[in-house]
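Below you'll find the structure, written out as structure tokens, and then a few comments.
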Number of protein chains: 2
Amino acid sequence: MLRLFPLALAALLSTPAWAAKAPPPTTADVLAASQPEEWRAPDPAHTLLLELDAERRVLIELAPRFAPKVVANILTLTAQGFFDGLPIVRVQDNYVVQWGDPASGTPEARPLGQAKSTLEPEFAIPKRQAAPFTRLPDADTYAREVGVVDSLPVAGDGRSRWLAHCYGMVGVGRGDAADSGSGAELYVVTGHSPRHLDRNVVLVGRVLDGVQHLSSLPRGDGAMGFFTRAEQRIPIQRIRRLADVPEAERPALELLRSDSDSFRRLIEARRHRRESWFLHPTGRLELCNLPLPVRARSTP
Amino acid sequence: MLRLFPLALAALLSTPAWAAKAPPPTTADVLAASQPEEWRAPDPAHTLLLELDAERRVLIELAPRFAPKVVANILTLTAQGFFDGLPIVRVQDNYVVQWGDPASGTPEARPLGQAKSTLEPEFAIPKRQAAPFTRLPDADTYAREVGVVDSLPVAGDGRSRWLAHCYGMVGVGRGDAADSGSGAELYVVTGHSPRHLDRNVVLVGRVLDGVQHLSSLPRGDGAMGFFTRAEQRIPIQRIRRLADVPEAERPALELLRSDSDSFRRLIEARRHRRESWFLHPTGRLELCNLPLPVRARSTP
């Protein structure tokens, strides 16, 4: 009773055009009404297929717009087979899963070949380069503005924008030096969004599918979730660029474009949950609670 | 959050290094300088020990201040052995792990005995009953104010306060009806904080230790992470009140009191990260990114 009043008020204050007549749609309504042209396939030239084994495949779309040099370096490493057979070295609960060369920094380290070992960090890009930007209307703890670009969560301060550490985002491990992240060591966020890492680490993409194969791995027993014994590490069979995977073996997925009308409707559907289960819709939406829809691609 | 911090050298340190004019302390500094009286043991009468088996033990402190009736009902169910042998029925990636009676609502359902099957929902309590409240200074997407009470994450609107859906929080599954959550079906948050569930579900406590035994379970293959076949479910050996566990078998842990000076210093240490790795400290802290320290109890 009392708790319903401020809700109604909140809904009125932020009334989208269509809400005057009918209640806002649910997520399912929005997706069902979306048009085929509002979806796109991941770019095969900038998407990685990580295989723990034939069944456990993880699809990662890279974000060259936000980190062109590191993404290029990762693609160089991938083309050289650098990652094939390297293991997951760290599984920290409510934080990250990380892979790389356990011998890094020793004489036994795997050579980086044509790839660079240090890179000027790409922590943020000018605002105008991060567009179209579909802005979320509610306050964010960490940034002046938050929204979505290329189906990726983004934060900004009015001058620049950067990728945000939401669940499933992929970042570049580094040492204390800002330029020490080459892309040879990568991690995936598998817990509550550690947004305090934003602009401290270069984010390079997002897991589109299969994140559960990483997030459900046994946790590392050492400090910060590193495995203390080599045999505990989880080998990665290989990582390939999707363009180098035979077409028949590629996961056939597509993403809802974040500059589409359906995506904007999705934001409102998540701010004002109308599913019957919700007693107290918040009228708010935090960046990392916005789903970025991925679905099986309909056959052309 | 929910990380076990190594035993501090508290007793050996008299004046913390930062107390003069040095930069703000790190988390490690704060914990090392904390005093023994700033820590407390969990209340054995309101703490549950969930055992998947002898090795995989999960410790849950209940929150009778926020949900006295549901907590009492859960303790009644526990005393009757209601949960013993029931399984985990749902593991949804980046969301929740949930357990209960798969036969609930059928003639084969396990009887609730002395416990109630419906309960007036305890979604929030008056502000004055949620004190002392250690407030966080930064903006929150979902609530006017956020902070910590009894080492639990709390949000508020100026009149009332409620527990917040951070990683490791324990909530009461329910159907569409507000009073349908009896406590016979419980879940733990194991992903990015679903704060839109705040005040839609009664939260009843927090996992103090062992959350990784839940968060790393294989994901359910059905809708919303439910297992589609009975044999996929993960049996819970038993749930006991800590007071009913022989003292020698109890996990010996203690929590940093959230109304202590060290806790307030911890908030500042997390807002302004001074560890050498951080290049760009945010100066902000979101509620669910604040660790709520738990450590092995020092012997008296």
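Identifiers in this document derive from the order of the structure tokens: chains are assigned A, B, ..., residues are numbered from 1 separately in each chain, and ligands are numbered from 1 in order of occurrence.
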
Once you count only C-alpha atoms, what closest atom pair and distance in Å to one decimal does each residue of chain B within 7 Å of chain A have, with rows by chain and rising residue number, as a tab-separated table?
```
residue	atom	partner	partner_atom	distance
B:Asp93	CA	A:Gln212	CA	6.2
B:Asp138	CA	A:Thr141	CA	6.2
B:Ala139	CA	A:Thr141	CA	4.9
B:Asp140	CA	A:Thr141	CA	5.4
B:Thr141	CA	A:Ala139	CA	4.9
B:Tyr142	CA	A:Arg284	CA	6.0
B:Tyr167	CA	A:His192	CA	6.6
B:Asp176	CA	A:Trp277	CA	4.6
B:Gly191	CA	A:Gly191	CA	5.1
B:His192	CA	A:His192	CA	3.9
B:Ser193	CA	A:His192	CA	6.0
B:Pro194	CA	A:Asn289	CA	6.7
B:His196	CA	A:Thr282	CA	6.0
B:Arg199	CA	A:His280	CA	6.5
B:Asn200	CA	A:His280	CA	5.7
B:Gln212	CA	A:Asp93	CA	6.2
B:Ser215	CA	A:Ser216	CA	6.8
B:Ser216	CA	A:Ser216	CA	4.2
B:Leu217	CA	A:Ser216	CA	5.9
B:Pro218	CA	A:Ser216	CA	6.0
B:Ser276	CA	A:Asp176	CA	6.6
B:Trp277	CA	A:Asp176	CA	4.6
B:Phe278	CA	A:Asn200	CA	6.3
B:Leu279	CA	A:Asn200	CA	5.8
B:His280	CA	A:Asn200	CA	5.8
B:Thr282	CA	A:His196	CA	6.0
B:Arg284	CA	A:Tyr142	CA	6.0
B:Leu285	CA	A:Thr141	CA	6.9
B:Glu286	CA	A:Thr141	CA	5.9
B:Asn289	CA	A:Pro194	CA	6.7
```

Taking the DSSP assignment computed from this structure's backbone, write out as number ranges by chain all residues of region 152-229 of chain A that belong to strand (DSSP E). A: 152-156, 160-163, 169-172, 186-189, 203-209

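For Gln98 (chain A), the residues within 10 Å (counting only C-alpha atoms, excluding itself and residues fewer than 4 positions away along the chain) are Pro87, Ile88, Val89, Arg90, Val91, Gln92, Val170, Gly171, Val172, Gly173, Glu185, Leu186, Tyr187, Val188, Val189, Leu214, Gly225 and Phe226 of chain A.
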
Pull the closest atom pair for each residue of region 130-194 of chain A that gets at most 10 Å from region 292-296 of chain A, along with the distance in Å to one decimal, counting only C-alpha atoms, ordering rows by chain and then ascending residue number, as JSON lines.
```
{"residue": "A:Val148", "atom": "CA", "partner": "A:Leu292", "partner_atom": "CA", "distance": 9.1}
{"residue": "A:Ser151", "atom": "CA", "partner": "A:Leu292", "partner_atom": "CA", "distance": 6.2}
{"residue": "A:Leu152", "atom": "CA", "partner": "A:Leu292", "partner_atom": "CA", "distance": 7.6}
{"residue": "A:Pro153", "atom": "CA", "partner": "A:Leu292", "partner_atom": "CA", "distance": 8.6}
```

Could those residues be written to a file, using C-alpha atoms, as a short mmCIF file (atom, residue, chain, number, x, y, z; two decimals), in the first residue's frame?
```cif
data_model
loop_
_atom_site.label_atom_id
_atom_site.label_comp_id
_atom_site.auth_asym_id
_atom_site.auth_seq_id
_atom_site.Cartn_x
_atom_site.Cartn_y
_atom_site.Cartn_z
CA VAL A 148 26.02 1.08 -23.84
CA SER A 151 26.51 -3.84 -26.90
CA LEU A 152 29.20 -3.18 -24.29
CA PRO A 153 28.79 -1.48 -20.89
#
```

Separation of CA of Pro246 (chain B) and CA of Phe83 (chain B), in Å?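 Those two atoms sit 19.0 Å apart.
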
Considering only C-alpha atoms, return as a ChimeraX atom specification whatever protein or nucleic-acid residues lie within 8 Å of Arg110 (chain A), sequence-local ones (same chain, fewer than 4 positions apart) excluded. /A:82,101,103-104

Write the residues you've just listed into a file as an mmCIF file, in the first residue's frame, and include C-alpha atoms for each of them.
```cif
data_model
loop_
_atom_site.group_PDB
_atom_site.id
_atom_site.type_symbol
_atom_site.label_atom_id
_atom_site.label_comp_id
_atom_site.auth_asym_id
_atom_site.auth_seq_id
_atom_site.Cartn_x
_atom_site.Cartn_y
_atom_site.Cartn_z
ATOM 1 C CA PHE A 82 50.397 -18.327 -28.312
ATOM 2 C CA ASP A 101 51.813 -18.239 -19.304
ATOM 3 C CA ALA A 103 56.443 -19.145 -16.884
ATOM 4 C CA SER A 104 56.015 -15.500 -17.874
#
```

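Using only C-alpha atoms, the residues found no farther than 6 Å from region 39-42 of chain B, other than those of its own chain fewer than 3 positions away, are B:Pro36, B:Glu254, B:Leu255, B:Leu256, B:Arg257.
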
Considering only C-alpha atoms, return as a count of residues only whatever protein or nucleic-acid residues lie within 12 Å of Ala67 (chain A), sequence-local ones (same chain, fewer than 2 positions apart) excluded. 36

Between CA of Leu86 (chain B) and CA of Gln237 (chain B), what is the spacing in Å? 7.6 Å

I need the residue nearest Ala184 (chain A) from this list: A:Leu208, A:Ala33, A:Leu48, A:Leu75. Use only C-alpha atoms for the distance.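 So, comparing all the options, the nearest one is A:Leu75.
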
List the spatial neighbours of Ala243 (chain A) as a PyMOL selection string - criterion: any atom at most 8 Å away, only C-alpha atoms, same-chain residues fewer than 4 positions off excluded. chain A and resi 44-45+47

As a list in words, list the residues of region 45-144 of chain A assigned to helix (DSSP H, G or I) by DSSP on the backbone atoms of this structure.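 Matching residues, listed in order: Ala45, His46, Pro68, Lys69, Val70, Val71, Ala72, Asn73, Ile74, Leu75, Thr76, Leu77, Thr78, Ala79, Lys127, Arg128 and Gln129 of chain A.
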
Would you write out those residues with C-alpha atoms, as a PDB file, in the first residue's frame?
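Result file follows (result17.pdb):
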```pdb
ATOM      1  CA  ALA A  45      37.616 -10.902 -37.404  1.00  0.00           C
ATOM      2  CA  HIS A  46      37.339  -9.590 -33.835  1.00  0.00           C
ATOM      3  CA  PRO A  68      42.723  -1.004 -30.845  1.00  0.00           C
ATOM      4  CA  LYS A  69      46.373  -1.649 -29.997  1.00  0.00           C
ATOM      5  CA  VAL A  70      45.834  -4.289 -27.333  1.00  0.00           C
ATOM      6  CA  VAL A  71      43.183  -5.990 -29.439  1.00  0.00           C
ATOM      7  CA  ALA A  72      45.618  -6.071 -32.382  1.00  0.00           C
ATOM      8  CA  ASN A  73      48.284  -7.516 -30.094  1.00  0.00           C
ATOM      9  CA  ILE A  74      45.890 -10.196 -28.823  1.00  0.00           C
ATOM     10  CA  LEU A  75      45.024 -11.103 -32.420  1.00  0.00           C
ATOM     11  CA  THR A  76      48.739 -11.365 -33.242  1.00  0.00           C
ATOM     12  CA  LEU A  77      49.261 -13.655 -30.244  1.00  0.00           C
ATOM     13  CA  THR A  78      46.217 -15.705 -31.242  1.00  0.00           C
ATOM     14  CA  ALA A  79      47.408 -16.077 -34.857  1.00  0.00           C
ATOM     15  CA  LYS A 127      33.693  10.695 -25.915  1.00  0.00           C
ATOM     16  CA  ARG A 128      33.027  11.313 -29.619  1.00  0.00           C
ATOM     17  CA  GLN A 129      34.699   8.030 -30.520  1.00  0.00           C
TER      18      GLN A 129
END
```

What does the distance from CA of Val30 (chain A) to CA of Thr134 (chain A) come to in Å, to one decimal?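 So the two atoms, CA of Val30 (chain A) and CA of Thr134 (chain A), lie 16.4 Å apart.
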
Under the rule that only C-alpha atoms are counted, which of A:Val96, A:Leu31, A:Ala115, A:Leu290 is the nearest residue to Met169 (chain A)?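 Nearest to Met169 (chain A): A:Val96.
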